[in-house]
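Structure file query.txt (compact mmCIF, C-alpha atoms and all ligand atoms) follows.
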```
# COMPACT_ATOMS: atom_id res chain seq x y z
CA MET A 1 -6.38 -13.07 -20.63
CA GLY A 2 -7.20 -10.59 -17.96
CA GLU A 3 -9.71 -8.36 -16.33
CA THR A 4 -10.68 -6.49 -19.46
CA ARG A 5 -12.98 -9.40 -20.18
CA LYS A 6 -14.49 -9.71 -16.73
CA ILE A 7 -17.78 -11.53 -16.88
CA PHE A 8 -19.83 -11.21 -13.69
CA VAL A 9 -21.63 -14.10 -12.04
CA GLU A 10 -24.96 -12.30 -12.15
CA SER A 11 -24.81 -12.07 -15.96
CA ILE A 12 -24.06 -15.76 -16.65
CA ARG A 13 -26.89 -17.70 -18.31
CA ASP A 14 -27.45 -21.33 -19.24
CA ARG A 15 -25.21 -22.42 -22.18
CA ASP A 16 -22.98 -19.31 -22.01
CA ARG A 17 -19.29 -19.72 -22.76
CA VAL A 18 -17.41 -18.06 -19.92
CA ALA A 19 -13.80 -16.85 -19.91
CA THR A 20 -12.94 -14.59 -17.01
CA VAL A 21 -11.31 -14.22 -13.58
CA PHE A 22 -12.99 -15.35 -10.37
CA LEU A 23 -11.96 -15.62 -6.76
CA VAL A 24 -11.94 -19.20 -5.47
CA LYS A 25 -14.22 -19.25 -2.46
CA HIS A 26 -14.15 -23.00 -1.89
CA LYS A 27 -12.16 -25.88 -3.32
CA ALA A 28 -12.65 -29.62 -2.80
CA VAL A 29 -11.71 -32.85 -4.57
CA PRO A 30 -14.55 -35.29 -3.89
CA LEU A 31 -15.08 -38.65 -5.62
CA SER A 32 -17.78 -39.10 -8.20
CA ARG A 33 -20.20 -42.05 -8.08
CA ASN A 34 -17.87 -44.09 -10.27
CA GLY A 35 -14.98 -43.43 -7.88
CA LYS A 36 -13.11 -40.84 -9.95
CA PRO A 37 -11.96 -37.61 -8.27
CA TYR A 38 -13.20 -34.27 -9.63
CA LEU A 39 -12.61 -30.63 -8.68
CA ALA A 40 -15.61 -29.00 -7.01
CA LEU A 41 -15.22 -25.23 -6.79
CA VAL A 42 -17.24 -22.25 -5.71
CA LEU A 43 -16.14 -19.21 -7.69
CA GLN A 44 -17.19 -15.70 -6.83
CA ASP A 45 -17.03 -12.03 -7.64
CA ARG A 46 -18.79 -9.01 -6.20
CA THR A 47 -22.10 -9.98 -7.80
CA GLY A 48 -22.40 -13.50 -6.45
CA ALA A 49 -21.02 -17.02 -6.53
CA ILE A 50 -21.33 -20.00 -8.86
CA GLU A 51 -20.35 -23.66 -8.57
CA ALA A 52 -17.81 -25.05 -11.02
CA ARG A 53 -16.56 -28.53 -11.85
CA VAL A 54 -13.36 -29.84 -13.45
CA PHE A 55 -13.22 -33.48 -14.54
CA ASP A 56 -9.84 -33.75 -16.35
CA ASP A 57 -6.30 -33.73 -14.91
CA VAL A 58 -7.89 -33.21 -11.54
CA GLU A 59 -4.97 -33.92 -9.24
CA ASP A 60 -2.43 -31.84 -11.19
CA ARG A 61 -4.80 -28.92 -11.48
CA ALA A 62 -5.86 -29.07 -7.86
CA ARG A 63 -2.23 -28.55 -6.84
CA LEU A 64 -1.99 -25.27 -8.77
CA PHE A 65 -4.19 -23.12 -6.52
CA ASP A 66 -6.00 -22.83 -3.22
CA ALA A 67 -9.13 -21.20 -1.88
CA MET A 68 -8.82 -17.38 -1.92
CA ASP A 69 -6.65 -17.44 -5.04
CA TYR A 70 -7.74 -15.68 -8.20
CA LEU A 71 -8.29 -17.96 -11.17
CA TRP A 72 -8.65 -17.36 -14.87
CA VAL A 73 -11.21 -19.91 -16.04
CA GLU A 74 -12.70 -20.93 -19.35
CA GLY A 75 -15.72 -23.18 -19.60
CA ALA A 76 -19.42 -23.53 -20.27
CA ALA A 77 -22.44 -22.79 -18.10
CA HIS A 78 -25.22 -25.32 -17.80
CA GLU A 79 -28.06 -25.98 -15.45
CA TYR A 80 -27.61 -28.85 -13.04
CA GLN A 81 -30.28 -29.78 -10.52
CA GLY A 82 -31.92 -26.41 -10.96
CA ARG A 83 -28.73 -24.37 -10.44
CA LEU A 84 -26.25 -22.88 -12.84
CA GLN A 85 -22.87 -24.55 -12.84
CA LEU A 86 -19.69 -24.10 -14.85
CA LYS A 87 -17.86 -27.02 -16.45
CA LEU A 88 -14.31 -25.77 -16.84
CA ASP A 89 -11.85 -26.88 -19.47
CA ARG A 90 -9.14 -24.35 -18.67
CA LEU A 91 -7.92 -22.69 -15.50
CA GLU A 92 -4.90 -20.71 -14.46
CA LYS A 93 -3.92 -18.96 -11.23
CA ILE A 94 -3.65 -15.16 -11.53
CA PRO A 95 -1.46 -13.13 -9.13
CA ALA A 96 -3.52 -10.84 -6.87
CA ASP A 97 -1.66 -7.75 -8.07
CA ARG A 98 -2.96 -8.32 -11.61
CA VAL A 99 -6.56 -8.27 -10.49
CA ASP A 100 -8.89 -5.29 -10.19
CA ILE A 101 -10.08 -5.90 -6.64
CA SER A 102 -13.18 -3.75 -7.11
CA ASN A 103 -14.56 -6.60 -9.24
CA PHE A 104 -14.52 -8.84 -6.18
CA VAL A 105 -15.65 -6.69 -3.28
CA ALA A 106 -18.35 -4.02 -3.13
CA THR A 107 -17.11 -0.44 -3.23
CA ALA A 108 -18.58 2.72 -1.76
CA GLY A 109 -20.70 4.69 -4.21
CA ARG A 110 -18.54 7.79 -3.63
CA ASN A 111 -15.04 8.55 -4.78
CA PRO A 112 -12.62 8.25 -1.81
CA ASP A 113 -10.88 11.51 -2.77
CA ASP A 114 -14.18 13.38 -2.48
CA MET A 115 -14.84 11.79 0.89
CA ILE A 116 -11.37 12.67 2.18
CA ALA A 117 -11.88 16.25 0.93
CA GLU A 118 -15.13 16.43 2.93
CA LEU A 119 -13.33 15.16 6.00
CA ARG A 120 -10.56 17.72 5.52
CA VAL A 121 -13.14 20.55 5.51
CA ARG A 122 -14.38 19.35 8.90
CA PHE A 123 -10.85 19.10 10.29
CA GLU A 124 -10.13 22.66 9.10
CA GLN A 125 -13.11 23.82 11.21
CA VAL A 126 -11.63 22.37 14.40
CA VAL A 127 -10.87 25.26 16.78
CA ASN A 128 -8.30 23.73 19.15
CA PRO A 129 -4.94 24.22 17.37
CA HIS A 130 -3.33 21.06 18.75
CA LEU A 131 -6.27 18.91 17.81
CA LYS A 132 -6.49 20.47 14.36
CA ALA A 133 -2.79 19.78 13.68
CA PHE A 134 -3.20 16.26 15.05
CA LEU A 135 -6.16 15.47 12.75
CA LEU A 136 -4.68 17.08 9.65
CA GLY A 137 -1.49 15.07 10.32
CA PHE A 138 -3.39 11.88 9.47
CA LEU A 139 -4.42 13.32 6.11
CA ALA A 140 -0.80 14.22 5.33
CA ASP A 141 0.36 10.64 5.96
CA ARG A 142 0.50 8.81 2.63
CA ASP A 143 0.76 5.31 4.09
CA PHE A 144 -2.24 5.94 6.29
CA LEU A 145 -4.26 7.44 3.44
CA ALA A 146 -3.54 4.48 1.15
CA ARG A 147 -5.12 2.17 3.74
CA TYR A 148 -7.86 4.56 4.79
CA ARG A 149 -9.17 5.06 1.23
CA VAL A 150 -10.05 1.37 0.85
CA ALA A 151 -10.79 0.23 4.41
CA PRO A 152 -14.21 -1.27 5.06
CA ALA A 153 -15.98 -0.32 8.30
CA ALA A 154 -16.52 -3.98 9.19
CA LYS A 155 -16.02 -7.47 7.81
CA THR A 156 -19.67 -8.16 7.12
CA ILE A 157 -22.05 -6.42 9.49
CA HIS A 158 -22.14 -2.83 8.31
CA HIS A 159 -20.53 -0.72 5.56
CA ALA A 160 -18.71 -3.88 4.43
CA MET A 161 -17.32 -2.37 1.26
CA MET A 162 -14.14 -0.74 0.08
CA GLY A 163 -14.31 2.83 1.37
CA GLY A 164 -16.94 1.78 3.90
CA LEU A 165 -14.97 3.21 6.82
CA LEU A 166 -15.00 6.63 5.16
CA VAL A 167 -18.71 6.38 4.43
CA HIS A 168 -19.41 5.41 8.04
CA THR A 169 -17.14 8.19 9.35
CA LEU A 170 -18.74 10.92 7.24
CA SER A 171 -22.20 9.73 8.11
CA LEU A 172 -21.27 9.98 11.80
CA ALA A 173 -19.73 13.42 11.25
CA ARG A 174 -23.04 14.68 9.87
CA LEU A 175 -24.92 13.10 12.77
CA ALA A 176 -22.45 14.56 15.26
CA ASP A 177 -22.86 18.06 13.82
CA ASN A 178 -26.62 17.82 14.19
CA VAL A 179 -26.41 16.51 17.73
CA VAL A 180 -23.95 19.26 18.72
CA ASP A 181 -26.40 21.78 17.26
CA CYS A 182 -29.05 20.35 19.58
CA TYR A 183 -26.79 20.39 22.65
CA PRO A 184 -24.25 23.18 22.07
CA HIS A 185 -23.92 23.72 25.82
CA LEU A 186 -23.20 20.03 26.48
CA LEU A 187 -21.01 18.78 23.65
CA ASN A 188 -17.62 19.96 22.37
CA ARG A 189 -17.75 19.94 18.56
CA ASP A 190 -13.97 19.51 18.20
CA LEU A 191 -14.02 16.37 20.33
CA MET A 192 -17.06 14.97 18.54
CA ILE A 193 -15.38 15.34 15.13
CA ALA A 194 -12.14 13.85 16.49
CA GLY A 195 -14.05 10.95 18.08
CA VAL A 196 -15.98 10.22 14.92
CA PHE A 197 -12.75 10.06 12.93
CA LEU A 198 -10.73 8.13 15.52
CA HIS A 199 -13.20 5.61 16.93
CA ASP A 200 -12.73 2.93 14.24
CA ILE A 201 -9.41 4.15 12.84
CA GLY A 202 -7.70 0.92 13.95
CA LYS A 203 -9.72 -0.86 11.27
CA VAL A 204 -7.16 0.22 8.68
CA HIS A 205 -4.93 -2.42 10.29
CA GLU A 206 -7.58 -4.77 11.68
CA LEU A 207 -9.13 -5.71 8.34
CA SER A 208 -7.51 -6.82 5.12
CA VAL A 209 -8.96 -6.20 1.69
CA ASN A 210 -8.21 -9.17 -0.51
CA GLY A 211 -11.07 -10.60 -2.50
CA GLN A 212 -13.12 -10.50 0.64
CA PHE A 213 -12.66 -8.70 3.90
CA GLY A 214 -10.88 -10.65 6.59
CA TYR A 215 -9.20 -10.08 9.92
CA THR A 216 -5.45 -9.58 9.85
CA ASP A 217 -3.20 -11.17 12.46
CA ILE A 218 -3.03 -7.90 14.38
CA GLY A 219 -6.78 -7.58 13.99
CA LYS A 220 -7.30 -10.96 15.59
CA LEU A 221 -4.66 -10.55 18.29
CA VAL A 222 -4.94 -6.85 19.17
CA GLY A 223 -8.14 -5.48 17.62
CA HIS A 224 -9.19 -2.08 16.31
CA ILE A 225 -9.79 -0.41 19.67
CA THR A 226 -6.28 -1.03 20.97
CA ILE A 227 -4.72 -0.37 17.57
CA GLY A 228 -6.60 2.96 17.48
CA VAL A 229 -5.25 3.96 20.89
CA GLU A 230 -1.71 3.20 19.72
CA MET A 231 -2.26 5.30 16.62
CA ILE A 232 -3.36 8.22 18.80
CA SER A 233 -0.18 7.92 20.92
CA ALA A 234 2.05 7.87 17.85
CA ARG A 235 0.33 10.81 16.17
CA ALA A 236 0.15 12.95 19.34
CA ARG A 237 3.93 12.65 19.72
CA GLN A 238 4.28 14.41 16.37
CA VAL A 239 2.37 17.52 17.47
CA ASP A 240 4.50 19.89 19.57
CA GLY A 241 3.08 20.45 23.01
CA PHE A 242 0.07 18.16 22.51
CA PRO A 243 -1.73 18.33 25.88
CA GLU A 244 -1.60 15.11 27.89
CA ASP A 245 -5.18 15.42 29.10
CA LEU A 246 -6.44 15.93 25.54
CA GLU A 247 -4.64 12.76 24.45
CA MET A 248 -6.28 10.87 27.32
CA ILE A 249 -9.74 12.22 26.48
CA LEU A 250 -9.30 11.20 22.82
CA LYS A 251 -8.22 7.71 23.86
CA HIS A 252 -11.28 7.45 26.06
CA LEU A 253 -13.52 8.16 23.05
CA VAL A 254 -11.99 5.17 21.25
CA LEU A 255 -11.82 2.88 24.28
CA SER A 256 -15.47 3.40 25.22
CA HIS A 257 -17.17 3.53 21.82
CA HIS A 258 -18.69 0.04 22.06
CA GLY A 259 -20.55 1.32 25.09
CA ARG A 260 -20.16 -1.55 27.53
CA LEU A 261 -17.39 -3.79 28.83
CA GLU A 262 -19.04 -6.97 27.55
CA PHE A 263 -19.23 -5.55 24.02
CA GLY A 264 -15.47 -5.14 23.70
CA SER A 265 -14.97 -1.72 25.25
CA PRO A 266 -12.44 -1.75 28.10
CA LYS A 267 -14.08 1.42 29.43
CA ARG A 268 -17.69 2.62 29.51
CA PRO A 269 -18.36 6.18 28.27
CA LYS A 270 -17.58 8.71 30.98
CA THR A 271 -17.70 11.98 29.03
CA MET A 272 -20.70 13.52 27.29
CA GLU A 273 -18.92 13.19 23.94
CA ALA A 274 -18.07 9.52 24.53
CA LEU A 275 -21.72 8.79 25.37
CA ALA A 276 -22.98 10.60 22.26
CA LEU A 277 -20.37 8.98 20.00
CA SER A 278 -21.20 5.49 21.21
CA ALA A 279 -24.94 6.04 20.62
CA LEU A 280 -24.43 7.53 17.14
CA ASP A 281 -22.03 4.75 16.16
CA GLU A 282 -24.58 2.16 17.17
CA LEU A 283 -27.35 3.93 15.26
CA ASP A 284 -25.38 4.31 12.04
CA SER A 285 -23.99 0.78 11.97
CA ARG A 286 -27.36 -0.74 12.85
CA LEU A 287 -29.35 1.18 10.23
CA ASP A 288 -26.85 0.14 7.56
CA ASN A 289 -27.00 -3.48 8.64
CA TRP A 290 -30.81 -3.61 8.73
CA TYR A 291 -30.91 -2.04 5.30
CA SER A 292 -28.55 -4.71 3.90
CA ILE A 293 -30.67 -7.44 5.44
CA MET A 294 -33.84 -6.00 3.92
CA LEU A 295 -32.29 -5.59 0.48
CA ASP A 296 -30.89 -9.12 0.49
CA ASP A 297 -34.16 -10.65 1.62
CA PRO A 298 -36.41 -11.57 -1.31
CA SER A 299 -39.75 -11.14 0.47
CA ASP A 300 -41.79 -8.02 0.01
CA LYS A 301 -42.77 -7.48 3.63
CA TRP A 302 -41.22 -9.52 6.44
CA THR A 303 -37.61 -10.65 6.29
CA ALA A 304 -36.57 -14.12 7.39
CA PHE A 305 -35.99 -14.42 11.15
CA GLN A 306 -32.77 -12.63 12.07
CA PRO A 307 -31.05 -14.62 14.83
CA MET A 308 -28.65 -11.76 15.50
CA TYR A 309 -31.54 -9.47 16.43
CA GLU A 310 -33.93 -12.20 17.57
CA ARG A 311 -36.76 -10.83 15.43
CA TYR A 312 -38.23 -10.52 11.97
CA LEU A 313 -37.76 -7.13 10.29
CA MET A 314 -40.53 -5.42 8.35
CA LYS A 315 -40.12 -3.64 5.03
CA LEU A 316 -42.56 -0.78 4.63
CA PRO A 317 -45.14 -0.86 1.87
CA GLY A 318 -43.80 0.80 -1.29
CA TYR A 319 -45.63 4.12 -0.87
CA LEU A 320 -44.07 4.67 2.56
CA ARG A 321 -40.51 3.77 1.62
CA PRO A 322 -38.04 6.67 1.44
CA GLU A 323 -36.91 7.58 -2.04
CA GLY A 324 -33.83 5.59 -3.07
CA PHE A 325 -34.50 2.80 -0.57
CA ASP A 326 -33.81 0.07 -3.14
CA HIS A 327 -30.72 1.61 -4.70
CA LYS A 328 -27.83 0.81 -2.45
CA PRO A 329 -24.68 -0.94 -3.71
CA LYS A 330 -24.79 -4.52 -2.45
CA PRO A 331 -22.27 -5.46 0.20
CA ALA A 332 -19.94 -8.24 -0.92
CA ALA A 333 -20.86 -10.94 1.51
CA PRO A 334 -19.67 -14.04 -0.31
CA ALA A 335 -21.63 -17.25 -0.36
CA ALA A 336 -20.17 -20.07 1.65
CA ASP A 337 -19.59 -23.40 -0.03
CA GLY A 338 -22.72 -25.00 -1.38
CA GLY A 339 -25.86 -23.06 -2.22
CA ALA A 340 -23.63 -21.15 -4.54
CA SER A 341 -25.83 -19.86 -7.28
CA GLY A 342 -27.68 -16.62 -6.93
CA LYS A 343 -26.91 -13.78 -4.57
CA PRO A 344 -24.21 -14.01 -1.94
CA ARG A 345 -25.63 -14.30 1.52
CA GLN A 346 -24.60 -12.60 4.72
CA GLU A 347 -21.93 -14.62 6.42
CA MET A 348 -21.57 -14.04 10.14
CA SER A 349 -18.42 -15.02 11.94
CA ARG A 350 -17.84 -15.28 15.65
CA GLU A 351 -15.79 -12.08 15.42
CA ASP A 352 -18.77 -10.26 13.96
CA LEU A 353 -21.00 -11.42 16.73
CA LYS A 354 -18.70 -10.70 19.60
CA PHE A 355 -19.86 -7.17 20.23
CA ARG A 356 -22.72 -5.62 22.01
CA PRO A 357 -26.29 -6.69 21.93
CA PHE A 358 -28.11 -3.64 20.65
CA GLN A 359 -29.14 -2.11 23.94
CA GLY A 360 -29.87 1.41 22.78
CA LEU A 361 -32.72 0.43 20.52
CA ALA A 362 -33.37 -2.93 22.27
CA GLY A 363 -31.61 -6.24 22.50
CA SER A 364 -29.67 -7.74 19.65
CA GLN A 365 -26.10 -8.65 18.94
CA GLY A 366 -23.35 -7.75 16.56
CA LYS A 367 -21.60 -4.49 16.29
CA ASP A 368 -18.60 -4.33 14.05
FE FE A 401 -15.72 -0.16 16.62
FE FE A 402 -18.03 2.62 14.07
```
Kindly return the structure encoded in the file as structure tokens.
Amino acid sequence: MGETRKIFVESIRDRDRVATVFLVKHKAVPLSRNGKPYLALVLQDRTGAIEARVFDDVEDRARLFDAMDYLWVEGAAHEYQGRLQLKLDRLEKIPADRVDISNFVATAGRNPDDMIAELRVRFEQVVNPHLKAFLLGFLADRDFLARYRVAPAAKTIHHAMMGGLLVHTLSLARLADNVVDCYPHLLNRDLMIAGVFLHDIGKVHELSVNGQFGYTDIGKLVGHITIGVEMISARARQVDGFPEDLEMILKHLVLSHHGRLEFGSPKRPKTMEALALSALDELDSRLDNWYSIMLDDPSDKWTAFQPMYERYLMKLPGYLRPEGFDHKPKPAAPAADGGASGKPRQEMSREDLKFRPFQGLAGSQGKD
């Protein structure tokens, strides 16, 4: 038994026999109409979620695992009230370290090593010697790299996939280069590249990657902005003669990148680079989030009403859509309990919604 036989939710059909590993999204022991308890589960992987039922040895089996555990299950699929459901006759808890996590969360389309190599090229181009040593120091830190390779950029809102932070960072690096080309007399390229890399760096500690993305204790209590500032302090101490004012200016880029005090930034942008970084960050995260919403929405033209943005979003007619519009890896936003068959839906938490209404391109909420 193991992951070699992984069967994905999206491939399960009526009357299939299923033997594979799932993540337990939801677990309950309700009573049936005749008063007997049964196990009601929602099982998921990166392709979706499916309801499952266990009717034998319910109490003993319910004690063996909890929600967010991985479970080896064997059973049969059948349609019940118009939805696919699994009736399980075997289940066993599987330790997380025996599971291939990429089966349970979406991953970036690109190899993390390639993305880190692209980042390294940009760091090598940094002119200021202190800043260059400072940035390359991160890429020489094995503990940091292990976290950075898999970190998502956010829990659900944008680039919510393993490697999503790298994808977001590289996308911003390309944007930053173009903006510096437009305003070479206004923007310092070294600082823009450093800001792009550092602004969300605290996410390597803020978010955990375990079956789904969640906030760590330090993420909840301290948050990625403050964690990022601490990481800058620690790294700057390792570069001989690192200028104090440079350290302060780097910290300002991180502290101000949400743009406004009420969106989680303790400081508003006060340098040209901080202003540009905040605007580019907002643009990149928002485009990615709108794209996910459009891909997840089944309609051909208007999406469902999006409370976070207080509007409907329009998908262009096919002939106007950019090439590749429909070919993005799906983010792994797991279904909540109930409504479990079919595609996972976007799940918004209070943490996701705490950041800035989208002022730059007009009012909406949700940032990271
Ligand atoms: Fe952020
Ligand atoms: Fe960001």
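Around ligand FE 401 (chain A), using only C-alpha atoms and all ligand atoms and a cut-off of 9 Å, the residues in contact are Ala153, Ala154, His199, Asp200, Ile201, Gly202, Lys203, His224, Ile225, Val254, His257, His258, Gly264, Ser265, Asp281, Phe355, Lys367 and Asp368 of chain A.
For the set A:Asp100, A:Asp56, A:Asp89, A:Asp326, the residue with the smallest atom-to-atom gap to Val209 in chain A is A:Asp100, counting only C-alpha atoms.
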Legend entry - Non-local contacts of Leu313 in chain A (10 Å; all atoms listed in the file; under 6 positions in same chain excluded) as a PyMOL selection string: chain A and resi 290-291+293-294+301-306
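Taking only C-alpha atoms and all ligand atoms into account, ligand FE 402 (chain A) lies nearest to A:Asp288 out of the set A:Asp297, A:Asp288, A:Glu118, A:Asp16.
With all atoms listed in the file as the atoms that count, the residue of A:Val54, A:Leu261, A:Ile116, A:Leu277 with the shortest distance to ligand FE 402 (chain A) is A:Leu277.
What separates CA of Asp45 in chain A from CA of Asn103 in chain A is a distance of 6.2 Å.
Between CA of Arg235 in chain A and CA of Ala151 in chain A lies a distance of 19.3 Å.
Here the question is which of A:Pro112, A:Gly82, A:Gly195, A:Gly228 gets nearest to Asp14 in chain A using all atoms listed in the file, and that residue is A:Gly82.
With all atoms listed in the file as the basis for measurement, A:Ala173 is the residue among A:Val21, A:Ala173, A:Leu191, A:Leu186 that approaches ligand FE 402 (chain A) most closely.
Comparing A:Gly241, A:Gly259, A:Glu310, A:His168 by their smallest distance to ligand FE 402 (chain A), the closest is A:His168 (using all atoms listed in the file).
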Legend entry - Distance in Å - CA of Ala67 in chain A versus CA of His26 in chain A: 5.3 Å
Legend entry - Selection near Gly219 in chain A, 7 Å with all atoms listed in the file, sequence-local residues under 5 positions removed, as JSON, numbers by chain: {"A": [205, 206, 207, 224]}
Could you write out that same residue set with C-alpha atoms as a PDB file, in the coordinates of the input?
```
ATOM      1  CA  HIS A 205      -4.930  -2.420  10.290  1.00  0.00           C
ATOM      2  CA  GLU A 206      -7.580  -4.770  11.680  1.00  0.00           C
ATOM      3  CA  LEU A 207      -9.130  -5.710   8.340  1.00  0.00           C
ATOM      4  CA  HIS A 224      -9.190  -2.080  16.310  1.00  0.00           C
TER       5      HIS A 224
END
```
